[in-house]
file start05.cif (mmCIF, N, CA and C atoms and all ligand atoms)
data_work
loop_
_atom_site.label_atom_id
_atom_site.label_comp_id
_atom_site.auth_asym_id
_atom_site.auth_seq_id
_atom_site.Cartn_x
_atom_site.Cartn_y
_atom_site.Cartn_z
N MET D 1 -14.93 -53.98 18.06
CA MET D 1 -14.13 -55.11 18.54
C MET D 1 -14.95 -56.39 18.42
N ILE D 2 -14.23 -57.44 18.12
CA ILE D 2 -14.91 -58.74 17.97
C ILE D 2 -14.12 -59.76 18.78
N ARG D 3 -14.81 -60.61 19.47
CA ARG D 3 -14.13 -61.61 20.29
C ARG D 3 -14.25 -62.97 19.62
N TYR D 4 -13.11 -63.61 19.46
CA TYR D 4 -13.11 -64.94 18.88
C TYR D 4 -12.68 -65.97 19.92
N SER D 5 -13.35 -67.08 19.89
CA SER D 5 -12.87 -68.24 20.63
C SER D 5 -11.94 -68.99 19.68
N LEU D 6 -10.71 -69.17 20.11
CA LEU D 6 -9.71 -69.78 19.26
C LEU D 6 -9.18 -71.06 19.89
N ALA D 7 -8.58 -71.87 19.06
CA ALA D 7 -7.93 -73.08 19.56
C ALA D 7 -6.66 -73.28 18.74
N CYS D 8 -5.59 -73.74 19.42
CA CYS D 8 -4.35 -73.98 18.71
C CYS D 8 -4.31 -75.44 18.27
N VAL D 9 -3.23 -75.83 17.57
CA VAL D 9 -3.12 -77.22 17.13
C VAL D 9 -3.09 -78.17 18.32
N GLY D 10 -2.66 -77.66 19.48
CA GLY D 10 -2.62 -78.51 20.68
C GLY D 10 -3.94 -78.52 21.42
N GLU D 11 -4.99 -78.02 20.77
CA GLU D 11 -6.34 -78.00 21.33
C GLU D 11 -6.44 -77.14 22.59
N HIS D 12 -5.52 -76.20 22.76
CA HIS D 12 -5.69 -75.23 23.86
C HIS D 12 -6.72 -74.21 23.40
N GLU D 13 -7.67 -73.96 24.26
CA GLU D 13 -8.71 -73.02 23.89
C GLU D 13 -8.46 -71.68 24.57
N PHE D 14 -8.62 -70.62 23.82
CA PHE D 14 -8.45 -69.29 24.40
C PHE D 14 -9.28 -68.29 23.59
N GLU D 15 -9.39 -67.09 24.15
CA GLU D 15 -10.17 -66.07 23.48
C GLU D 15 -9.28 -64.87 23.18
N ALA D 16 -9.57 -64.19 22.11
CA ALA D 16 -8.80 -63.00 21.77
C ALA D 16 -9.69 -61.99 21.09
N TRP D 17 -9.35 -60.74 21.29
CA TRP D 17 -10.13 -59.65 20.71
C TRP D 17 -9.44 -59.11 19.47
N PHE D 18 -10.22 -58.79 18.47
CA PHE D 18 -9.70 -58.19 17.25
C PHE D 18 -10.61 -57.04 16.87
N SER D 19 -10.03 -56.07 16.12
CA SER D 19 -10.87 -54.92 15.76
C SER D 19 -11.93 -55.33 14.75
N ASN D 20 -11.62 -56.33 13.93
CA ASN D 20 -12.62 -56.87 13.01
C ASN D 20 -12.11 -58.21 12.47
N SER D 21 -12.90 -58.85 11.63
CA SER D 21 -12.50 -60.18 11.18
C SER D 21 -11.28 -60.12 10.26
N GLU D 22 -11.12 -59.03 9.52
CA GLU D 22 -9.93 -58.90 8.69
C GLU D 22 -8.67 -58.80 9.53
N ALA D 23 -8.79 -58.08 10.64
CA ALA D 23 -7.63 -57.95 11.53
C ALA D 23 -7.21 -59.33 12.03
N TYR D 24 -8.21 -60.14 12.33
CA TYR D 24 -7.88 -61.50 12.77
C TYR D 24 -7.14 -62.26 11.68
N ASP D 25 -7.67 -62.20 10.45
CA ASP D 25 -7.04 -62.92 9.33
C ASP D 25 -5.60 -62.45 9.11
N LYS D 26 -5.41 -61.12 9.12
CA LYS D 26 -4.06 -60.58 8.90
C LYS D 26 -3.11 -61.03 9.99
N GLN D 27 -3.55 -60.84 11.23
CA GLN D 27 -2.65 -61.17 12.35
C GLN D 27 -2.34 -62.66 12.38
N ARG D 28 -3.33 -63.44 11.99
CA ARG D 28 -3.11 -64.87 11.99
C ARG D 28 -2.09 -65.24 10.92
N LYS D 29 -2.23 -64.64 9.72
CA LYS D 29 -1.29 -64.93 8.64
C LYS D 29 0.12 -64.52 9.00
N LYS D 30 0.22 -63.38 9.71
CA LYS D 30 1.55 -62.91 10.13
C LYS D 30 2.02 -63.65 11.38
N ARG D 31 1.26 -64.62 11.81
CA ARG D 31 1.59 -65.44 12.97
C ARG D 31 1.75 -64.59 14.23
N LEU D 32 0.87 -63.61 14.35
CA LEU D 32 0.90 -62.76 15.54
C LEU D 32 -0.11 -63.25 16.58
N VAL D 33 -0.96 -64.15 16.16
CA VAL D 33 -1.94 -64.71 17.10
C VAL D 33 -1.31 -65.95 17.72
N GLU D 34 -1.10 -65.87 19.00
CA GLU D 34 -0.30 -66.89 19.66
C GLU D 34 -1.08 -67.56 20.78
N CYS D 35 -0.99 -68.87 20.86
CA CYS D 35 -1.63 -69.59 21.97
C CYS D 35 -0.94 -69.21 23.28
N PRO D 36 -1.70 -68.74 24.26
CA PRO D 36 -1.09 -68.34 25.53
C PRO D 36 -0.53 -69.52 26.31
N VAL D 37 -0.90 -70.72 25.94
CA VAL D 37 -0.44 -71.89 26.69
C VAL D 37 0.88 -72.40 26.12
N CYS D 38 0.91 -72.67 24.81
CA CYS D 38 2.09 -73.28 24.23
C CYS D 38 2.82 -72.39 23.23
N GLY D 39 2.25 -71.21 22.95
CA GLY D 39 2.94 -70.29 22.06
C GLY D 39 2.78 -70.62 20.59
N SER D 40 1.98 -71.61 20.27
CA SER D 40 1.76 -71.98 18.88
C SER D 40 1.03 -70.85 18.15
N THR D 41 1.42 -70.61 16.92
CA THR D 41 0.71 -69.61 16.12
C THR D 41 -0.19 -70.28 15.10
N ASP D 42 -0.26 -71.60 15.20
CA ASP D 42 -1.16 -72.36 14.33
C ASP D 42 -2.51 -72.44 15.03
N VAL D 43 -3.31 -71.40 14.84
CA VAL D 43 -4.57 -71.31 15.56
C VAL D 43 -5.73 -71.25 14.58
N ARG D 44 -6.88 -71.61 15.09
CA ARG D 44 -8.08 -71.54 14.25
C ARG D 44 -9.24 -71.09 15.12
N LYS D 45 -10.26 -70.60 14.44
CA LYS D 45 -11.46 -70.21 15.16
C LYS D 45 -12.22 -71.46 15.57
N GLN D 46 -12.78 -71.41 16.76
CA GLN D 46 -13.60 -72.53 17.20
C GLN D 46 -15.01 -72.35 16.67
N ILE D 47 -15.63 -73.44 16.41
CA ILE D 47 -17.04 -73.37 15.99
C ILE D 47 -17.87 -73.08 17.24
N MET D 48 -18.70 -72.08 17.11
CA MET D 48 -19.51 -71.68 18.25
C MET D 48 -20.91 -72.22 18.09
N ALA D 49 -21.41 -72.82 19.14
CA ALA D 49 -22.78 -73.29 19.11
C ALA D 49 -23.64 -72.29 19.87
N PRO D 50 -24.80 -71.97 19.34
CA PRO D 50 -25.67 -71.07 20.09
C PRO D 50 -26.12 -71.74 21.38
N SER D 51 -26.19 -70.97 22.40
CA SER D 51 -26.60 -71.51 23.69
C SER D 51 -28.11 -71.45 23.78
N VAL D 52 -28.75 -72.59 23.69
CA VAL D 52 -30.21 -72.57 23.68
C VAL D 52 -30.82 -73.18 24.93
N ARG D 53 -30.10 -74.05 25.59
CA ARG D 53 -30.71 -74.72 26.73
C ARG D 53 -30.38 -73.97 28.01
N SER D 54 -31.38 -73.81 28.85
CA SER D 54 -31.14 -73.12 30.11
C SER D 54 -30.13 -73.89 30.94
N SER D 55 -30.05 -75.19 30.69
CA SER D 55 -29.15 -76.02 31.49
C SER D 55 -27.69 -75.77 31.13
N ASP D 56 -27.43 -75.00 30.06
CA ASP D 56 -26.05 -74.69 29.72
C ASP D 56 -25.34 -73.99 30.87
N LYS D 57 -26.11 -73.30 31.68
CA LYS D 57 -25.50 -72.55 32.76
C LYS D 57 -25.36 -73.41 34.02
N ALA D 58 -25.84 -74.61 33.95
CA ALA D 58 -25.78 -75.48 35.12
C ALA D 58 -24.33 -75.83 35.45
N VAL D 59 -24.11 -76.13 36.71
CA VAL D 59 -22.79 -76.53 37.14
C VAL D 59 -22.43 -77.84 36.44
N PRO D 60 -21.23 -77.94 35.90
CA PRO D 60 -20.87 -79.20 35.24
C PRO D 60 -20.95 -80.37 36.20
N ALA D 61 -21.40 -81.46 35.69
CA ALA D 61 -21.51 -82.66 36.52
C ALA D 61 -20.11 -83.13 36.92
N ASP D 62 -20.01 -83.79 38.03
CA ASP D 62 -18.69 -84.26 38.43
C ASP D 62 -18.32 -85.49 37.59
N VAL D 63 -17.12 -85.96 37.77
CA VAL D 63 -16.60 -86.99 36.87
C VAL D 63 -17.44 -88.27 36.93
N ALA D 64 -17.79 -88.68 38.14
CA ALA D 64 -18.57 -89.90 38.27
C ALA D 64 -19.90 -89.77 37.55
N ALA D 65 -20.52 -88.63 37.72
CA ALA D 65 -21.81 -88.41 37.08
C ALA D 65 -21.65 -88.36 35.57
N ALA D 66 -20.54 -87.83 35.13
CA ALA D 66 -20.31 -87.72 33.69
C ALA D 66 -20.29 -89.09 33.04
N LYS D 67 -19.79 -90.07 33.77
CA LYS D 67 -19.76 -91.43 33.23
C LYS D 67 -21.17 -91.97 33.02
N MET D 68 -22.07 -91.56 33.90
CA MET D 68 -23.44 -92.02 33.81
C MET D 68 -24.26 -91.19 32.82
N ALA D 69 -23.68 -90.08 32.44
CA ALA D 69 -24.46 -89.12 31.65
C ALA D 69 -25.03 -89.75 30.38
N GLY D 70 -24.22 -90.55 29.72
CA GLY D 70 -24.68 -91.17 28.48
C GLY D 70 -25.91 -92.03 28.70
N GLU D 71 -25.86 -92.83 29.76
CA GLU D 71 -27.00 -93.70 30.05
C GLU D 71 -28.24 -92.90 30.42
N ILE D 72 -28.02 -91.88 31.24
CA ILE D 72 -29.16 -91.06 31.66
C ILE D 72 -29.77 -90.34 30.46
N ARG D 73 -28.88 -89.85 29.60
CA ARG D 73 -29.33 -89.15 28.40
C ARG D 73 -30.21 -90.07 27.56
N LYS D 74 -29.76 -91.31 27.42
CA LYS D 74 -30.51 -92.28 26.61
C LYS D 74 -31.84 -92.60 27.29
N HIS D 75 -31.77 -92.78 28.61
CA HIS D 75 -32.97 -93.09 29.36
C HIS D 75 -34.02 -91.99 29.18
N ILE D 76 -33.59 -90.77 29.30
CA ILE D 76 -34.53 -89.66 29.16
C ILE D 76 -35.10 -89.62 27.75
N ALA D 77 -34.22 -89.79 26.78
CA ALA D 77 -34.69 -89.74 25.39
C ALA D 77 -35.68 -90.86 25.10
N ASP D 78 -35.45 -92.04 25.73
CA ASP D 78 -36.30 -93.19 25.48
C ASP D 78 -37.63 -93.12 26.21
N THR D 79 -37.63 -92.56 27.40
CA THR D 79 -38.82 -92.68 28.24
C THR D 79 -39.57 -91.37 28.45
N HIS D 80 -38.95 -90.26 28.11
CA HIS D 80 -39.60 -88.98 28.35
C HIS D 80 -40.02 -88.34 27.03
N ASP D 81 -41.19 -87.75 27.03
CA ASP D 81 -41.64 -87.02 25.85
C ASP D 81 -40.96 -85.66 25.82
N TYR D 82 -40.44 -85.30 24.67
CA TYR D 82 -39.86 -83.98 24.51
C TYR D 82 -40.96 -82.98 24.21
N VAL D 83 -41.08 -81.97 25.06
CA VAL D 83 -42.16 -81.00 24.88
C VAL D 83 -41.61 -79.61 24.56
N GLY D 84 -40.29 -79.52 24.39
CA GLY D 84 -39.69 -78.26 23.97
C GLY D 84 -40.01 -77.12 24.93
N ASP D 85 -40.37 -75.99 24.36
CA ASP D 85 -40.60 -74.82 25.21
C ASP D 85 -41.98 -74.84 25.88
N LYS D 86 -42.71 -75.94 25.69
CA LYS D 86 -43.99 -76.10 26.40
C LYS D 86 -43.79 -76.76 27.76
N PHE D 87 -42.52 -76.95 28.14
CA PHE D 87 -42.26 -77.71 29.35
C PHE D 87 -42.95 -77.14 30.58
N ALA D 88 -42.84 -75.82 30.76
CA ALA D 88 -43.43 -75.19 31.95
C ALA D 88 -44.94 -75.41 31.98
N ASP D 89 -45.59 -75.24 30.82
CA ASP D 89 -47.04 -75.45 30.75
C ASP D 89 -47.40 -76.89 31.11
N GLU D 90 -46.65 -77.82 30.52
CA GLU D 90 -46.92 -79.24 30.75
C GLU D 90 -46.71 -79.60 32.23
N ALA D 91 -45.60 -79.12 32.79
CA ALA D 91 -45.29 -79.45 34.18
C ALA D 91 -46.36 -78.88 35.12
N ARG D 92 -46.81 -77.65 34.83
CA ARG D 92 -47.84 -77.03 35.66
C ARG D 92 -49.17 -77.80 35.53
N ALA D 93 -49.54 -78.14 34.30
CA ALA D 93 -50.80 -78.84 34.07
C ALA D 93 -50.82 -80.15 34.85
N MET D 94 -49.69 -80.83 34.87
CA MET D 94 -49.62 -82.09 35.61
C MET D 94 -49.70 -81.84 37.10
N TYR D 95 -48.96 -80.83 37.55
CA TYR D 95 -48.92 -80.50 38.98
C TYR D 95 -50.30 -80.12 39.48
N TYR D 96 -51.04 -79.36 38.68
CA TYR D 96 -52.36 -78.90 39.11
C TYR D 96 -53.46 -79.88 38.72
N GLY D 97 -53.07 -81.08 38.26
CA GLY D 97 -54.05 -82.12 37.99
C GLY D 97 -54.88 -81.89 36.74
N GLU D 98 -54.40 -81.04 35.84
CA GLU D 98 -55.18 -80.74 34.63
C GLU D 98 -54.90 -81.76 33.53
N THR D 99 -53.87 -82.54 33.72
CA THR D 99 -53.54 -83.53 32.70
C THR D 99 -52.90 -84.73 33.38
N VAL D 100 -52.82 -85.81 32.65
CA VAL D 100 -52.25 -87.04 33.20
C VAL D 100 -50.75 -86.89 33.38
N HIS D 101 -50.24 -87.46 34.44
CA HIS D 101 -48.80 -87.41 34.67
C HIS D 101 -48.07 -88.27 33.64
N ARG D 102 -47.05 -87.72 33.09
CA ARG D 102 -46.17 -88.50 32.22
C ARG D 102 -44.81 -87.84 32.24
N PRO D 103 -43.78 -88.63 32.03
CA PRO D 103 -42.44 -88.01 32.07
C PRO D 103 -42.19 -87.17 30.82
N VAL D 104 -41.82 -85.95 31.06
CA VAL D 104 -41.53 -85.05 29.94
C VAL D 104 -40.20 -84.33 30.21
N TRP D 105 -39.64 -83.85 29.16
CA TRP D 105 -38.49 -82.96 29.32
C TRP D 105 -38.57 -81.90 28.24
N GLY D 106 -37.95 -80.77 28.53
CA GLY D 106 -38.00 -79.68 27.57
C GLY D 106 -37.15 -78.53 28.05
N GLU D 107 -37.44 -77.38 27.57
CA GLU D 107 -36.60 -76.23 27.86
C GLU D 107 -37.38 -75.11 28.53
N VAL D 108 -36.77 -74.50 29.50
CA VAL D 108 -37.35 -73.33 30.13
C VAL D 108 -36.25 -72.29 30.32
N THR D 109 -36.65 -71.07 30.46
CA THR D 109 -35.68 -70.03 30.78
C THR D 109 -35.32 -70.16 32.27
N PRO D 110 -34.18 -69.63 32.67
CA PRO D 110 -33.84 -69.68 34.11
C PRO D 110 -34.92 -69.04 34.96
N GLU D 111 -35.57 -67.97 34.45
CA GLU D 111 -36.62 -67.29 35.21
C GLU D 111 -37.80 -68.23 35.44
N THR D 112 -38.21 -68.92 34.37
CA THR D 112 -39.34 -69.84 34.49
C THR D 112 -38.98 -71.00 35.41
N ALA D 113 -37.74 -71.48 35.31
CA ALA D 113 -37.32 -72.56 36.19
C ALA D 113 -37.48 -72.15 37.64
N GLN D 114 -37.10 -70.92 37.94
CA GLN D 114 -37.22 -70.40 39.30
C GLN D 114 -38.68 -70.32 39.71
N GLU D 115 -39.55 -69.89 38.81
CA GLU D 115 -40.98 -69.82 39.10
C GLU D 115 -41.54 -71.21 39.43
N LEU D 116 -41.12 -72.19 38.65
CA LEU D 116 -41.60 -73.56 38.89
C LEU D 116 -41.18 -74.02 40.28
N VAL D 117 -39.94 -73.72 40.64
CA VAL D 117 -39.45 -74.10 41.96
C VAL D 117 -40.30 -73.44 43.04
N GLU D 118 -40.57 -72.14 42.86
CA GLU D 118 -41.33 -71.40 43.86
C GLU D 118 -42.77 -71.91 43.97
N GLU D 119 -43.33 -72.36 42.86
CA GLU D 119 -44.69 -72.89 42.87
C GLU D 119 -44.74 -74.32 43.43
N GLY D 120 -43.58 -74.92 43.57
CA GLY D 120 -43.53 -76.29 44.07
C GLY D 120 -43.75 -77.32 42.98
N VAL D 121 -43.71 -76.90 41.73
CA VAL D 121 -43.88 -77.85 40.62
C VAL D 121 -42.62 -78.72 40.53
N PRO D 122 -42.81 -80.04 40.60
CA PRO D 122 -41.62 -80.89 40.56
C PRO D 122 -40.99 -80.87 39.17
N ALA D 123 -39.80 -80.31 39.11
CA ALA D 123 -39.04 -80.28 37.86
C ALA D 123 -37.58 -80.29 38.25
N MET D 124 -36.80 -80.92 37.44
CA MET D 124 -35.39 -81.06 37.78
C MET D 124 -34.55 -80.44 36.67
N PRO D 125 -33.60 -79.59 37.06
CA PRO D 125 -32.72 -79.07 36.00
C PRO D 125 -31.89 -80.21 35.42
N LEU D 126 -31.67 -80.13 34.15
CA LEU D 126 -30.95 -81.18 33.45
C LEU D 126 -29.61 -80.60 33.01
N PRO D 127 -28.57 -80.86 33.78
CA PRO D 127 -27.26 -80.34 33.34
C PRO D 127 -26.94 -80.86 31.95
N LYS D 128 -26.21 -80.09 31.21
CA LYS D 128 -25.99 -80.38 29.79
C LYS D 128 -25.63 -81.84 29.49
N PRO D 129 -24.74 -82.47 30.27
CA PRO D 129 -24.38 -83.85 29.91
C PRO D 129 -25.57 -84.79 29.93
N PHE D 130 -26.64 -84.44 30.66
CA PHE D 130 -27.78 -85.34 30.79
C PHE D 130 -28.88 -85.02 29.79
N ALA D 131 -28.77 -83.91 29.12
CA ALA D 131 -29.85 -83.50 28.21
C ALA D 131 -29.66 -84.13 26.85
N PRO D 132 -30.63 -84.92 26.43
CA PRO D 132 -30.53 -85.48 25.08
C PRO D 132 -30.65 -84.37 24.05
N ASP D 133 -30.26 -84.66 22.83
CA ASP D 133 -30.49 -83.70 21.76
C ASP D 133 -31.98 -83.64 21.48
N PRO D 134 -32.54 -82.46 21.41
CA PRO D 134 -33.97 -82.39 21.13
C PRO D 134 -34.28 -83.07 19.81
N PRO D 135 -35.32 -83.89 19.80
CA PRO D 135 -35.69 -84.53 18.53
C PRO D 135 -36.17 -83.50 17.54
N LYS D 136 -36.05 -83.84 16.28
CA LYS D 136 -36.58 -82.93 15.25
C LYS D 136 -38.08 -82.83 15.44
N ARG D 137 -38.57 -81.62 15.33
CA ARG D 137 -40.01 -81.42 15.51
C ARG D 137 -40.79 -82.08 14.40
N LYS D 138 -41.76 -82.86 14.83
CA LYS D 138 -42.61 -83.51 13.84
C LYS D 138 -43.85 -82.67 13.64
N ASN D 139 -44.29 -82.60 12.43
CA ASN D 139 -45.56 -81.93 12.16
C ASN D 139 -46.68 -82.93 12.39
N ARG D 140 -47.31 -82.77 13.53
CA ARG D 140 -48.37 -83.70 13.84
C ARG D 140 -49.67 -83.22 13.23
N ALA D 141 -50.23 -84.03 12.36
CA ALA D 141 -51.53 -83.68 11.80
C ALA D 141 -52.61 -84.08 12.78
N ASN D 142 -53.49 -83.17 13.06
CA ASN D 142 -54.57 -83.48 13.98
C ASN D 142 -55.82 -83.93 13.23
ZN ZN K 201 -1.54 -74.19 22.54
#

call {"tool": "encode", "arguments": {"input": "start05.cif", "output": "structure tokens"}}
result
Amino acid sequence: MIRYSLACVGEHEFEAWFSNSEAYDKQRKKRLVECPVCGSTDVRKQIMAPSVRSSDKAVPADVAAAKMAGEIRKHIADTHDYVGDKFADEARAMYYGETVHRPVWGEVTPETAQELVEEGVPAMPLPKPFAPDPPKRKNRAN
């Protein structure tokens, strides 16, 4: 069985199970795949993005915060160094005085985030609307 995230022409999103991708194609052509909201059979597969940021699981920001999200996102991108998956190391090094404090952002697993909280390392989860797109990794020559 394969699960597809689908969307109809009316942008209603829904999920449906098929025995395989051919079954989906056949059923779709025969107009057997129907939007549960409006009954449209004009459906397509949604593009799926891999979930890479731990903040994907964060509670969605409320509407007011969502309005600010763009500004916050820009602020973070402009003023914080992106450290990627080194975030936990960087945050700990700063907390334990091993390195100079500087604003950084990056990615951690939910488990590591919990560890940081328990250690008292100041770190803030970044709900998806606030997380800038990670910059392309530069090859820094040393
Ligand atoms: Zn629909």

call {"tool": "residues_near_ligand", "arguments": {"input": "start05.cif", "ligand": "ligand ZN 201 (chain K)", "cutoff": "8 Å", "atoms": "all atoms listed in the file", "output": "number ranges by chain"}}
result
D: 7-13, 34-42

call {"tool": "atom_distance", "arguments": {"input": "start05.cif", "atom1": "atom CA of D:Gly84", "atom2": "atom CA of D:Arg102"}}
result
14.7 Å

call {"tool": "axis_aligned_box", "arguments": {"input": "start05.cif", "around": "stretch 93-107 of chain D", "padding_each_side": "6 Å", "output": "lines of an AutoDock Vina configuration file"}}
result
center_x = -45.9
center_y = -81.9
center_z = 33.5
size_x = 30.6
size_y = 25.5
size_z = 23.9

call {"tool": "residues_around", "arguments": {"input": "start05.cif", "residues": "D:Arg3", "least_positions_apart": "6", "cutoff": "6.5 Å", "atoms": "all atoms listed in the file", "output": "PyMOL selection string"}}
result
chain D and resi 15-18

call {"tool": "closest_residue", "arguments": {"input": "start05.cif", "among": "D:Ala91, D:Ala69, D:Val33, D:Ala23", "to": "D:Ala131", "atoms": "only C-alpha atoms"}}
result
D:Ala69

call {"tool": "closest_residue", "arguments": {"input": "start05.cif", "among": "D:Ile72, D:Val108, D:Leu6, D:Met124", "to": "D:Lys86", "atoms": "all atoms listed in the file"}}
result
D:Val108

call {"tool": "closest_residue", "arguments": {"input": "start05.cif", "among": "D:Asp133, D:Val104, D:Tyr95, D:Phe87", "to": "D:Gly120", "atoms": "only C-alpha atoms"}}
result
D:Tyr95

call {"tool": "atom_distance", "arguments": {"input": "start05.cif", "atom1": "atom N of D:Ile76", "atom2": "atom N of D:Pro125"}}
result
13.6 Å

call {"tool": "atom_distance", "arguments": {"input": "start05.cif", "atom1": "atom CA of D:Ala113", "atom2": "atom CA of D:Gly97"}}
result
19.4 Å

call {"tool": "closest_residue", "arguments": {"input": "start05.cif", "among": "D:Pro103, D:Pro129, D:Pro110, D:Pro122", "to": "D:Thr79", "atoms": "only C-alpha atoms"}}
result
D:Pro103

call {"tool": "closest_residue", "arguments": {"input": "start05.cif", "among": "D:Glu119, D:Phe14, D:His75, D:Ser19", "to": "D:Met1", "atoms": "all atoms listed in the file"}}
result
D:Ser19

call {"tool": "decode", "arguments": {"input": "start05.cif", "residues": "stretch 102-120 of chain D", "atoms": "N, CA and C atoms", "output": "mmCIF file, in the first residue's frame"}}
result
data_model
loop_
_atom_site.group_PDB
_atom_site.id
_atom_site.type_symbol
_atom_site.label_atom_id
_atom_site.label_comp_id
_atom_site.auth_asym_id
_atom_site.auth_seq_id
_atom_site.Cartn_x
_atom_site.Cartn_y
_atom_site.Cartn_z
ATOM 1 N N ARG D 102 27.613 34.329 20.436
ATOM 2 C CA ARG D 102 27.137 34.972 19.217
ATOM 3 C C ARG D 102 25.816 34.327 18.845
ATOM 4 N N PRO D 103 24.963 35.083 18.182
ATOM 5 C CA PRO D 103 23.671 34.483 17.831
ATOM 6 C C PRO D 103 23.816 33.465 16.710
ATOM 7 N N VAL D 104 23.321 32.289 16.970
ATOM 8 C CA VAL D 104 23.385 31.238 15.960
ATOM 9 C C VAL D 104 22.011 30.567 15.843
ATOM 10 N N TRP D 105 21.817 29.935 14.746
ATOM 11 C CA TRP D 105 20.640 29.079 14.614
ATOM 12 C C TRP D 105 21.024 27.870 13.790
ATOM 13 N N GLY D 106 20.280 26.799 13.999
ATOM 14 C CA GLY D 106 20.603 25.574 13.288
ATOM 15 C C GLY D 106 19.573 24.519 13.591
ATOM 16 N N GLU D 107 19.951 23.305 13.412
ATOM 17 C CA GLU D 107 19.001 22.213 13.545
ATOM 18 C C GLU D 107 19.438 21.211 14.594
ATOM 19 N N VAL D 108 18.491 20.756 15.363
ATOM 20 C CA VAL D 108 18.751 19.688 16.316
ATOM 21 C C VAL D 108 17.592 18.695 16.252
ATOM 22 N N THR D 109 17.851 17.508 16.697
ATOM 23 C CA THR D 109 16.773 16.535 16.800
ATOM 24 C C THR D 109 15.935 16.889 18.031
ATOM 25 N N PRO D 110 14.693 16.431 18.081
ATOM 26 C CA PRO D 110 13.879 16.693 19.281
ATOM 27 C C PRO D 110 14.559 16.188 20.545
ATOM 28 N N GLU D 111 15.282 15.056 20.446
ATOM 29 C CA GLU D 111 15.969 14.494 21.612
ATOM 30 C C GLU D 111 17.049 15.452 22.108
ATOM 31 N N THR D 112 17.842 15.967 21.169
ATOM 32 C CA THR D 112 18.905 16.896 21.538
ATOM 33 C C THR D 112 18.314 18.181 22.101
ATOM 34 N N ALA D 113 17.218 18.647 21.514
ATOM 35 C CA ALA D 113 16.577 19.852 22.024
ATOM 36 C C ALA D 113 16.200 19.665 23.485
ATOM 37 N N GLN D 114 15.675 18.493 23.795
ATOM 38 C CA GLN D 114 15.284 18.179 25.170
ATOM 39 C C GLN D 114 16.508 18.168 26.081
ATOM 40 N N GLU D 115 17.616 17.602 25.610
ATOM 41 C CA GLU D 115 18.845 17.573 26.393
ATOM 42 C C GLU D 115 19.331 18.989 26.698
ATOM 43 N N LEU D 116 19.267 19.845 25.692
ATOM 44 C CA LEU D 116 19.708 21.229 25.887
ATOM 45 C C LEU D 116 18.862 21.898 26.962
ATOM 46 N N VAL D 117 17.561 21.661 26.899
ATOM 47 C CA VAL D 117 16.664 22.239 27.899
ATOM 48 C C VAL D 117 17.047 21.742 29.287
ATOM 49 N N GLU D 118 17.289 20.435 29.401
ATOM 50 C CA GLU D 118 17.614 19.851 30.699
ATOM 51 C C GLU D 118 18.953 20.366 31.232
ATOM 52 N N GLU D 119 19.888 20.639 30.337
ATOM 53 C CA GLU D 119 21.184 21.167 30.752
ATOM 54 C C GLU D 119 21.116 22.658 31.081
ATOM 55 N N GLY D 120 20.013 23.282 30.720
ATOM 56 C CA GLY D 120 19.876 24.708 30.975
ATOM 57 C C GLY D 120 20.513 25.565 29.902
#
